[in-house]
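Structure file input_24.tsv (TSV, C-alpha atoms and all ligand atoms) is printed below.
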```
chain	number	residue	atom	x	y	z
I	1	MET	CA	-52.29	36.41	28.41
I	2	THR	CA	-54.37	37.21	31.47
I	3	THR	CA	-57.25	39.64	31.06
I	4	PRO	CA	-59.40	40.81	33.96
I	5	ASP	CA	-62.21	38.37	32.99
I	6	ALA	CA	-60.05	35.32	32.38
I	7	PRO	CA	-60.25	32.76	35.17
I	8	ALA	CA	-56.96	31.99	36.95
I	9	LEU	CA	-55.47	28.56	36.27
I	10	PRO	CA	-55.97	26.12	39.13
I	11	LEU	CA	-52.26	25.32	39.40
I	12	ARG	CA	-51.24	23.22	42.39
I	13	PRO	CA	-49.99	25.80	44.92
I	14	GLU	CA	-46.68	23.97	45.45
I	15	LEU	CA	-45.90	24.48	41.74
I	16	ALA	CA	-46.63	28.22	41.73
I	17	ASP	CA	-43.02	29.38	42.12
I	18	GLU	CA	-41.36	26.47	40.32
I	19	VAL	CA	-39.40	26.71	37.07
I	20	PRO	CA	-38.71	23.85	34.61
I	21	TYR	CA	-35.54	21.88	35.37
I	22	GLY	CA	-32.66	22.01	32.92
I	23	ALA	CA	-29.06	23.02	32.40
I	24	PRO	CA	-28.49	25.86	29.92
I	25	GLN	CA	-28.27	24.45	26.34
I	26	LEU	CA	-25.82	26.97	24.89
I	27	ASP	CA	-24.20	26.62	21.49
I	28	VAL	CA	-20.52	26.93	22.38
I	29	PRO	CA	-17.47	25.06	20.99
I	30	VAL	CA	-16.71	23.00	24.13
I	31	ARG	CA	-19.72	21.59	26.00
I	32	LEU	CA	-18.72	19.83	29.21
I	33	ASN	CA	-21.81	20.55	31.29
I	34	VAL	CA	-24.18	17.56	31.22
I	35	ASN	CA	-21.90	14.51	31.41
I	36	GLU	CA	-22.60	13.31	27.88
I	37	ASN	CA	-20.23	10.97	26.08
I	38	PRO	CA	-18.31	13.33	23.75
I	39	TYR	CA	-17.98	10.73	20.97
I	40	ALA	CA	-20.83	10.53	18.43
I	41	PRO	CA	-21.94	7.07	17.21
I	42	SER	CA	-19.86	5.68	14.33
I	43	ASP	CA	-21.22	5.33	10.76
I	44	ASP	CA	-21.65	1.60	11.39
I	45	VAL	CA	-23.86	2.17	14.40
I	46	VAL	CA	-25.82	4.86	12.56
I	47	ALA	CA	-26.45	2.47	9.64
I	48	THR	CA	-27.76	-0.30	11.92
I	49	ILE	CA	-30.03	2.15	13.73
I	50	ALA	CA	-31.40	3.47	10.41
I	51	GLU	CA	-32.12	-0.08	9.25
I	52	HIS	CA	-33.91	-1.07	12.48
I	53	VAL	CA	-35.90	2.16	12.56
I	54	ALA	CA	-36.98	1.68	8.92
I	55	HIS	CA	-38.28	-1.76	9.85
I	56	ALA	CA	-40.16	-0.33	12.85
I	57	ALA	CA	-41.60	2.43	10.64
I	58	ARG	CA	-43.32	-0.19	8.46
I	59	GLY	CA	-45.34	-1.27	11.49
I	60	LEU	CA	-46.15	2.15	12.97
I	61	ASN	CA	-49.88	1.71	12.32
I	62	ARG	CA	-49.80	-0.78	15.24
I	63	TYR	CA	-49.08	-0.08	18.91
I	64	PRO	CA	-45.63	-1.25	20.01
I	65	ASP	CA	-44.88	-4.28	22.22
I	66	ARG	CA	-46.15	-3.01	25.58
I	67	ASP	CA	-43.76	-5.20	27.53
I	68	PHE	CA	-40.76	-4.82	25.14
I	69	ASP	CA	-39.63	-8.40	25.84
I	70	ALA	CA	-36.92	-8.43	23.16
I	71	LEU	CA	-35.35	-5.23	24.49
I	72	ARG	CA	-35.47	-6.57	28.06
I	73	ASP	CA	-33.63	-9.71	26.89
I	74	ASP	CA	-30.97	-7.54	25.24
I	75	LEU	CA	-30.56	-5.43	28.40
I	76	ALA	CA	-30.21	-8.56	30.55
I	77	GLN	CA	-27.56	-9.85	28.17
I	78	TYR	CA	-25.70	-6.55	28.31
I	79	LEU	CA	-25.63	-6.55	32.13
I	80	ALA	CA	-24.38	-10.14	32.17
I	81	VAL	CA	-21.39	-9.05	30.09
I	82	GLU	CA	-20.83	-5.73	31.90
I	83	SER	CA	-21.20	-6.91	35.50
I	84	GLY	CA	-21.29	-10.71	35.39
I	85	VAL	CA	-24.77	-10.70	36.94
I	86	HIS	CA	-27.33	-12.92	35.20
I	87	LEU	CA	-30.93	-11.75	35.23
I	88	HIS	CA	-34.21	-12.85	33.63
I	89	ARG	CA	-36.08	-10.43	31.36
I	90	SER	CA	-38.83	-10.20	34.00
I	91	GLN	CA	-36.25	-8.51	36.26
I	92	LEU	CA	-35.62	-5.70	33.77
I	93	TRP	CA	-37.63	-2.55	33.24
I	94	ALA	CA	-37.09	0.38	30.87
I	95	ALA	CA	-38.54	3.81	30.15
I	96	ASN	CA	-37.77	7.10	28.40
I	97	GLY	CA	-34.61	7.87	30.34
I	98	SER	CA	-33.86	6.71	33.86
I	99	ASN	CA	-35.71	9.88	34.83
I	100	GLU	CA	-38.95	8.16	33.82
I	101	VAL	CA	-37.88	4.94	35.54
I	102	MET	CA	-37.49	6.97	38.77
I	103	LEU	CA	-40.92	8.50	38.30
I	104	HIS	CA	-42.41	4.98	37.95
I	105	LEU	CA	-40.65	4.01	41.20
I	106	LEU	CA	-42.05	7.01	43.07
I	107	GLN	CA	-45.52	6.46	41.57
I	108	ALA	CA	-45.55	2.85	42.75
I	109	PHE	CA	-43.81	3.18	46.12
I	110	GLY	CA	-44.09	6.87	47.11
I	111	GLY	CA	-47.24	9.00	47.27
I	112	PRO	CA	-49.28	11.06	49.74
I	113	GLY	CA	-48.43	10.29	53.37
I	114	ARG	CA	-45.19	8.61	52.35
I	115	THR	CA	-41.57	9.71	52.51
I	116	ALA	CA	-38.55	9.46	50.24
I	117	VAL	CA	-35.04	9.84	51.70
I	118	SER	CA	-31.75	10.71	50.04
I	119	PHE	CA	-28.37	12.17	50.99
I	120	ALA	CA	-27.21	15.61	49.81
I	121	PRO	CA	-25.45	16.83	47.82
I	122	THR	CA	-27.00	14.58	45.19
I	123	TYR	CA	-28.92	14.61	41.90
I	124	SER	CA	-31.14	17.68	41.76
I	125	MET	CA	-33.98	15.86	39.97
I	126	TYR	CA	-34.78	13.62	42.97
I	127	PRO	CA	-36.80	16.23	44.91
I	128	GLU	CA	-38.78	16.92	41.72
I	129	TYR	CA	-39.87	13.27	41.39
I	130	ALA	CA	-40.99	13.46	45.02
I	131	ARG	CA	-42.84	16.74	44.52
I	132	ASP	CA	-44.61	15.46	41.41
I	133	THR	CA	-45.84	12.34	43.20
I	134	HIS	CA	-46.84	14.14	46.47
I	135	THR	CA	-44.13	12.27	48.35
I	136	ARG	CA	-42.54	13.95	51.42
I	137	TRP	CA	-38.86	14.65	50.73
I	138	VAL	CA	-36.16	14.29	53.41
I	139	THR	CA	-32.39	14.60	52.94
I	140	GLY	CA	-29.58	13.48	55.17
I	141	ARG	CA	-26.08	14.89	54.66
I	142	ARG	CA	-23.16	13.22	52.99
I	143	ALA	CA	-19.84	13.30	54.86
I	144	GLU	CA	-17.01	15.76	54.14
I	145	ASP	CA	-15.60	13.36	51.50
I	146	PHE	CA	-19.12	12.98	50.01
I	147	THR	CA	-19.52	9.35	51.12
I	148	ILE	CA	-22.45	8.35	53.34
I	149	ASP	CA	-21.86	7.56	57.01
I	150	THR	CA	-23.43	4.13	57.48
I	151	ALA	CA	-24.62	4.61	61.06
I	152	GLU	CA	-26.10	8.02	60.29
I	153	ALA	CA	-27.88	6.68	57.23
I	154	VAL	CA	-29.39	3.78	59.15
I	155	GLY	CA	-30.41	6.19	61.93
I	156	LEU	CA	-32.16	8.51	59.46
I	157	VAL	CA	-33.99	5.61	57.83
I	158	GLU	CA	-35.17	4.37	61.23
I	159	THR	CA	-36.36	7.84	62.29
I	160	GLU	CA	-38.04	8.91	59.06
I	161	ARG	CA	-39.44	5.50	58.04
I	162	PRO	CA	-39.42	6.24	54.29
I	163	SER	CA	-40.96	3.94	51.67
I	164	VAL	CA	-38.28	4.90	49.11
I	165	ILE	CA	-34.54	5.51	49.65
I	166	LEU	CA	-32.51	6.96	46.76
I	167	LEU	CA	-28.74	6.37	46.71
I	168	ALA	CA	-26.77	7.62	43.70
I	169	SER	CA	-23.54	5.66	43.25
I	170	PRO	CA	-21.44	7.02	41.60
I	171	ASN	CA	-23.16	10.15	42.88
I	172	ASN	CA	-23.92	13.24	40.81
I	173	PRO	CA	-22.55	15.94	41.16
I	174	THR	CA	-19.72	14.58	43.35
I	175	GLY	CA	-18.64	11.43	41.42
I	176	THR	CA	-18.47	9.44	44.68
I	177	ALA	CA	-19.23	5.70	44.67
I	178	LEU	CA	-20.62	3.99	47.80
I	179	ASP	CA	-19.19	0.77	49.16
I	180	LEU	CA	-21.44	-2.26	49.36
I	181	THR	CA	-21.17	-2.32	53.18
I	182	THR	CA	-23.09	0.97	53.35
I	183	ILE	CA	-25.62	-0.14	50.76
I	184	ARG	CA	-26.17	-3.46	52.55
I	185	ALA	CA	-26.70	-1.75	55.91
I	186	VAL	CA	-29.29	0.57	54.35
I	187	LEU	CA	-30.98	-2.42	52.66
I	188	ASP	CA	-31.18	-4.26	55.99
I	189	ALA	CA	-32.69	-1.21	57.74
I	190	ALA	CA	-35.08	-0.73	54.81
I	191	ALA	CA	-36.27	-4.35	55.00
I	192	ARG	CA	-37.54	-3.73	58.55
I	193	ILE	CA	-39.83	-0.81	57.50
I	194	PRO	CA	-40.28	-1.86	54.61
I	195	ALA	CA	-38.79	0.51	52.02
I	196	VAL	CA	-37.53	0.15	48.47
I	197	VAL	CA	-33.84	1.07	48.02
I	198	VAL	CA	-32.94	2.56	44.64
I	199	VAL	CA	-29.26	2.61	43.74
I	200	ASP	CA	-28.87	5.00	40.80
I	201	GLU	CA	-25.93	3.71	38.75
I	202	ALA	CA	-26.22	6.12	35.80
I	203	TYR	CA	-22.41	6.32	35.70
I	204	ALA	CA	-21.59	2.71	36.63
I	205	GLU	CA	-19.56	1.94	33.50
I	206	PHE	CA	-17.06	4.64	34.49
I	207	ARG	CA	-16.34	3.19	37.94
I	208	ARG	CA	-12.70	2.55	38.78
I	209	ALA	CA	-11.30	-1.00	38.96
I	210	GLY	CA	-12.37	-2.63	42.23
I	211	THR	CA	-15.52	-0.51	42.67
I	212	PRO	CA	-18.40	-3.03	42.74
I	213	SER	CA	-21.92	-2.65	41.30
I	214	ALA	CA	-25.02	-3.04	43.48
I	215	LEU	CA	-26.27	-5.49	40.82
I	216	GLU	CA	-24.30	-8.09	42.81
I	217	LEU	CA	-26.78	-7.70	45.69
I	218	LEU	CA	-29.95	-8.31	43.67
I	219	ASP	CA	-30.30	-12.01	44.42
I	220	ARG	CA	-30.45	-11.34	48.18
I	221	TYR	CA	-32.60	-8.19	48.31
I	222	PRO	CA	-36.03	-8.21	46.62
I	223	HIS	CA	-36.56	-4.57	47.67
I	224	LEU	CA	-33.46	-3.34	45.78
I	225	ALA	CA	-33.69	-1.57	42.41
I	226	VAL	CA	-30.55	-0.68	40.44
I	227	THR	CA	-31.10	1.93	37.72
I	228	ARG	CA	-28.89	2.39	34.69
I	229	THR	CA	-29.07	4.48	31.52
I	230	MET	CA	-27.89	4.51	27.91
I	231	SER	CA	-27.43	8.31	28.20
I	232	LYS	CA	-23.89	8.45	29.57
I	233	ALA	CA	-21.34	5.69	28.88
I	234	PHE	CA	-23.47	4.32	26.04
I	235	ALA	CA	-23.21	7.55	24.05
I	236	ALA	CA	-26.97	7.72	23.50
I	237	ALA	CA	-28.33	10.64	25.54
I	238	GLY	CA	-30.56	11.59	22.60
I	239	LEU	CA	-32.21	8.16	22.59
I	240	ARG	CA	-33.86	8.55	26.03
I	241	LEU	CA	-33.52	5.00	27.29
I	242	GLY	CA	-33.09	4.32	30.98
I	243	TYR	CA	-33.59	0.96	32.65
I	244	LEU	CA	-33.65	-0.85	35.94
I	245	ALA	CA	-32.81	-4.27	37.34
I	246	ALA	CA	-34.71	-5.63	40.35
I	247	SER	CA	-36.80	-8.58	41.52
I	248	THR	CA	-39.67	-9.66	39.27
I	249	GLU	CA	-42.08	-8.64	42.03
I	250	LEU	CA	-40.73	-5.08	42.07
I	251	VAL	CA	-40.80	-4.81	38.27
I	252	ASP	CA	-44.40	-6.07	38.21
I	253	ALA	CA	-45.37	-3.15	40.48
I	254	LEU	CA	-43.89	-0.69	37.96
I	255	ARG	CA	-45.90	-2.28	35.15
I	256	VAL	CA	-49.06	-1.17	36.98
I	257	VAL	CA	-48.21	2.55	37.00
I	258	ARG	CA	-46.61	3.01	33.57
I	259	LEU	CA	-48.68	4.53	30.78
I	260	PRO	CA	-49.58	1.90	28.19
I	261	TYR	CA	-47.12	1.78	25.27
I	262	HIS	CA	-44.77	4.25	26.98
I	263	LEU	CA	-41.76	2.98	24.95
I	264	SER	CA	-42.34	3.72	21.28
I	265	ALA	CA	-41.52	1.16	18.59
I	266	VAL	CA	-38.90	3.61	17.28
I	267	THR	CA	-37.25	3.84	20.70
I	268	GLN	CA	-37.25	0.06	21.14
I	269	ALA	CA	-35.75	-0.44	17.66
I	270	THR	CA	-33.05	2.19	18.21
I	271	ALA	CA	-32.10	0.85	21.63
I	272	ARG	CA	-31.82	-2.71	20.34
I	273	ALA	CA	-29.72	-1.56	17.37
I	274	ALA	CA	-27.40	0.37	19.70
I	275	LEU	CA	-27.10	-2.58	22.12
I	276	SER	CA	-26.04	-4.82	19.23
I	277	HIS	CA	-23.03	-2.47	18.83
I	278	ARG	CA	-22.19	-2.28	22.51
I	279	ASP	CA	-18.47	-2.87	21.99
I	280	SER	CA	-18.16	0.02	19.57
I	281	LEU	CA	-20.33	2.36	21.65
I	282	LEU	CA	-18.44	1.57	24.84
I	283	ALA	CA	-15.04	1.66	23.13
I	284	GLN	CA	-14.17	5.08	24.47
I	285	VAL	CA	-15.16	4.37	28.07
I	286	ALA	CA	-11.64	3.24	28.98
I	287	ASP	CA	-10.20	6.40	27.41
I	288	LEU	CA	-12.71	8.57	29.23
I	289	ARG	CA	-11.85	6.89	32.53
I	290	ALA	CA	-8.15	7.51	31.95
I	291	GLY	CA	-8.98	11.11	30.94
I	292	ARG	CA	-10.94	11.49	34.18
I	293	ASP	CA	-8.03	10.25	36.31
I	294	ASP	CA	-5.62	12.60	34.50
I	295	LEU	CA	-7.99	15.52	34.96
I	296	VAL	CA	-8.34	14.82	38.70
I	297	GLY	CA	-4.53	14.79	39.00
I	298	TRP	CA	-4.13	17.98	36.98
I	299	LEU	CA	-6.79	19.85	38.95
I	300	ARG	CA	-5.21	18.78	42.25
I	301	ALA	CA	-1.95	20.40	41.12
I	302	GLN	CA	-3.64	23.80	40.53
I	303	ARG	CA	-3.61	26.57	43.12
I	304	VAL	CA	-6.11	29.37	43.65
I	305	ASP	CA	-5.28	32.26	45.99
I	306	GLY	CA	-2.30	30.27	47.26
I	307	ARG	CA	-4.38	27.17	48.16
I	308	PRO	CA	-4.45	23.92	46.20
I	309	LEU	CA	-7.79	23.19	44.53
I	310	GLN	CA	-9.96	20.59	46.25
I	311	VAL	CA	-11.06	17.81	43.93
I	312	ALA	CA	-13.52	15.03	44.82
I	313	ASP	CA	-12.56	11.43	44.03
I	314	SER	CA	-14.54	10.39	40.95
I	315	ASP	CA	-15.91	7.07	39.68
I	316	ALA	CA	-17.89	8.93	37.00
I	317	ASN	CA	-17.16	10.80	33.76
I	318	PHE	CA	-17.03	14.18	35.49
I	319	VAL	CA	-15.08	15.89	38.24
I	320	LEU	CA	-16.27	18.21	41.03
I	321	PHE	CA	-13.69	20.80	42.02
I	322	GLY	CA	-13.40	23.98	44.07
I	323	THR	CA	-13.74	25.89	46.10
I	324	PHE	CA	-14.01	29.39	44.67
I	325	ASP	CA	-15.17	32.50	46.54
I	326	ASP	CA	-17.08	33.46	43.39
I	327	ARG	CA	-17.76	30.29	41.42
I	328	HIS	CA	-20.12	32.08	39.06
I	329	ALA	CA	-17.30	34.36	37.93
I	330	VAL	CA	-15.12	31.31	37.16
I	331	TRP	CA	-18.01	29.61	35.29
I	332	GLN	CA	-18.60	32.83	33.30
I	333	GLY	CA	-14.88	33.26	32.58
I	334	LEU	CA	-14.76	29.75	31.12
I	335	LEU	CA	-17.90	30.39	29.07
I	336	ASP	CA	-16.37	33.60	27.70
I	337	ARG	CA	-13.52	31.38	26.45
I	338	GLY	CA	-15.97	28.97	24.76
I	339	VAL	CA	-16.05	26.30	27.48
I	340	LEU	CA	-19.40	25.45	29.13
I	341	ILE	CA	-19.27	23.57	32.45
I	342	ARG	CA	-21.88	23.24	35.24
I	343	GLU	CA	-22.43	25.51	38.18
I	344	THR	CA	-23.84	22.93	40.57
I	345	GLY	CA	-23.18	21.17	43.84
I	346	PRO	CA	-22.27	22.68	47.20
I	347	GLU	CA	-21.52	26.42	47.33
I	348	GLY	CA	-18.15	27.25	45.76
I	349	TRP	CA	-17.78	24.04	43.70
I	350	LEU	CA	-17.99	23.50	39.93
I	351	ARG	CA	-18.47	20.33	37.87
I	352	VAL	CA	-16.79	19.54	34.56
I	353	SER	CA	-17.48	16.52	32.31
I	354	VAL	CA	-14.61	14.63	30.73
I	355	GLY	CA	-14.51	15.42	27.00
I	356	THR	CA	-12.30	14.37	24.10
I	357	PRO	CA	-8.59	15.05	24.75
I	358	GLY	CA	-8.92	18.28	22.74
I	359	GLU	CA	-11.94	19.45	24.73
I	360	THR	CA	-10.31	18.64	28.06
I	361	GLN	CA	-7.21	20.58	26.96
I	362	ALA	CA	-9.39	23.56	26.00
I	363	PHE	CA	-10.91	23.42	29.49
I	364	LYS	CA	-7.48	23.30	31.17
I	365	ASP	CA	-6.22	26.24	29.09
I	366	ALA	CA	-9.31	28.29	29.84
I	367	LEU	CA	-9.18	27.52	33.56
I	368	THR	CA	-5.47	28.39	33.77
I	369	ASP	CA	-6.33	31.70	32.14
I	370	VAL	CA	-9.27	32.43	34.42
I	371	ILE	CA	-7.45	31.50	37.63
I	372	GLY	CA	-4.36	33.44	36.49
I	373	GLU	CA	-6.42	36.62	36.19
I	374	LYS	CA	-7.24	36.62	39.88
I	401	LIG	C1	-27.69	11.71	33.93
I	401	LIG	C2	-28.26	11.06	35.15
I	401	LIG	C3	-29.30	10.16	35.02
I	401	LIG	C4	-29.79	9.74	33.66
I	401	LIG	O1	-30.89	10.33	33.23
I	401	LIG	P1	-31.55	9.85	31.85
I	401	LIG	O2	-32.95	10.25	32.08
I	401	LIG	O3	-31.39	8.37	31.75
I	401	LIG	O4	-30.85	10.58	30.77
I	401	LIG	C5	-29.79	9.52	36.15
I	401	LIG	N1	-29.27	9.77	37.35
I	401	LIG	C6	-28.25	10.61	37.52
I	401	LIG	C7	-27.67	10.82	38.87
I	401	LIG	C8	-27.73	11.29	36.42
I	401	LIG	O5	-26.73	12.17	36.58
```
Would you encode the structure as structure tokens?
Ligand SMILES: *Cc1c(COP(=O)(O)O)cnc(C)c1O
Amino acid sequence: MTTPDAPALPLRPELADEVPYGAPQLDVPVRLNVNENPYAPSDDVVATIAEHVAHAARGLNRYPDRDFDALRDDLAQYLAVESGVHLHRSQLWAANGSNEVMLHLLQAFGGPGRTAVSFAPTYSMYPEYARDTHTRWVTGRRAEDFTIDTAEAVGLVETERPSVILLASPNNPTGTALDLTTIRAVLDAAARIPAVVVVDEAYAEFRRAGTPSALELLDRYPHLAVTRTMSKAFAAAGLRLGYLAASTELVDALRVVRLPYHLSAVTQATARAALSHRDSLLAQVADLRAGRDDLVGWLRAQRVDGRPLQVADSDANFVLFGTFDDRHAVWQGLLDRGVLIRETGPEGWLRVSVGTPGETQAFKDALTDVIGEK
């Protein structure tokens, strides 16, 4: 409480009108708002995690392995299986969510007098990482179909001369994946500045057949960083484990800015236990992909005010659809029927995560109801 004699807090002026980031965490039956995997870990996975955590607990009087070598080996092994790209542990980095990985990137390569560039609409956390590291924030526009125009992107990079370029692929909130031609052109332009190019692949495991991963470019581009997370496909949002693959030189720069012992022994143990069950944890990814494709098809067949709904192509576990004259009313109508989705993205659009078949059906029923009322 402020009394007349209490000194004001010396808050940085640029934070004065800011509010903490976060989607509403509402306790409703069907939660399709933050792109989680709807399937909880199996009893088997839970038992392995409990066992590994008990072992870690016996050593909690000691600080954890600062460089988490065993976990980095496990992550490298996982990527070899998932994408066929073989990396050394020194090319892997991890932190408490890929959010923290991004902060490390901006701390090492952004900063006062420097610029970060991205292409909107995109992940709403990016400008916050820039703000928190005093990095100037510049956005180009994505095209009508939410891809990035290669020539425009290269032009923007050459004009703004950023030190960090953030490309989400598949993008949030649109679901759009970028082709490697665009990413390569941006990497070539970035090399001339130089800038680090971050390809955020939080949703990579959901990409459609034939959509490549930027991991394939790592051996040719030492200024490329590909970020991944265990929060989405891996069904472990509560774990807070994000990671990155890059050149050893780039990873070594991140080691300078991280806080010592930033990954707790409990986190390392849990992540390793989960990775040892990767097949079981990723078992539903194929179902979720098929559910996503069905949902895109179903939404495209719906009409609002006599017009078909627009639906963005998706390589992720969510779908962006619209447009509505009053999207908030549609969001609220769904919530009144027990279905929570996300009011995000360009004006008029809404985003829904793919749930279990039952949850997706509940969403369809609720939307049919809400649209029918109009
Ligand atoms: C969900 C998401 C992440 C992952 O964040 P975590 O901190 O790993 O949970 C990263 N990037 C994008 C674009 C996302 O949507």
Give one line per residue of chain I that approaches ligand LIG 401 (chain I) to at most 7 Å, naming the two atoms of the closest pair and their distance in Å to one decimal, counting all atoms listed in the file; sort by chain then ascending residue number and deliver it as CSV.
```
residue,atom,partner,partner_atom,distance
I:Asn35,CA,I:LIG401,C1,6.9
I:Asn96,CA,I:LIG401,O2,6.8
I:Gly97,CA,I:LIG401,O2,3.4
I:Ser98,CA,I:LIG401,O3,3.6
I:Asn99,CA,I:LIG401,O2,3.9
I:Glu100,CA,I:LIG401,O2,6.6
I:Tyr123,CA,I:LIG401,C7,5.0
I:Ala168,CA,I:LIG401,C7,5.9
I:Asn171,CA,I:LIG401,C7,6.1
I:Asn172,CA,I:LIG401,C7,4.9
I:Asp200,CA,I:LIG401,N1,5.9
I:Ala202,CA,I:LIG401,C5,4.9
I:Thr229,CA,I:LIG401,O3,4.5
I:Met230,CA,I:LIG401,O3,6.5
I:Ser231,CA,I:LIG401,O4,4.8
I:Lys232,CA,I:LIG401,C1,6.6
I:Ala237,CA,I:LIG401,O4,5.8
I:Arg240,CA,I:LIG401,O4,6.0
I:Leu241,CA,I:LIG401,O3,6.0
I:Gly242,CA,I:LIG401,O3,4.5
```
Counting only C-alpha atoms, what is within 7 Å of Phe321 of chain I, bar same-chain residues fewer than 2 positions away, as number ranges by chain? I: 309-312, 319, 323, 349-351
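For the pair atom CA of Glu343 of chain I and atom CA of Ser213 of chain I, the interatomic distance is 28.3 Å.
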Nearby residues (only C-alpha atoms) at most 10 Å from Leu167 of chain I, same-chain spacing under 3 positions excluded, as a PyMOL selection string: chain I and resi 117-120+122-123+148+164+170-171+177-178+183+186+197-201+226
Please measure the separation of atom CA of Arg62 of chain I and atom CA of Thr267 of chain I, giving the value in Å to one decimal. 14.4 Å
Given the choices I:His134, I:Val28, I:Phe318, I:Gln268, which gets closest to Leu15 of chain I if the distance is worked out from all atoms listed in the file? I:His134
What lies within 12 Å of segment 67-82 of chain I using all atoms listed in the file, ignoring chain neighbours under 5 positions off, as number ranges by chain? I: 87-95, 204-207, 212-216, 226-230, 233-234, 241-246, 251-252, 254-256, 258-279, 282
Of the candidates I:Ala50, I:Leu299, I:Thr174, I:His55, which one gets nearest to Pro346 of chain I if we count all atoms listed in the file? I:Thr174
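A straight line drawn from atom CA of Tyr63 of chain I to atom CA of Leu250 of chain I is 25.1 Å long.
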Pick the closest to Asp325 of chain I from I:Gln284, I:Asp149, I:Ile371, I:Met102: which is it, counting only C-alpha atoms?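 Smallest distance to Asp325 of chain I is found for I:Ile371.
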Set the distance at 12 Å and use only C-alpha atoms: which residues neighbour Gln25 of chain I once local chain neighbours fewer than 4 positions away are removed? I'd like the list as a list in words.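 Surrounding residues, per the criterion: Tyr21, Val30, Arg31, Leu32, Asn33, Val34, Leu340, Ile341 and Arg342 of chain I.
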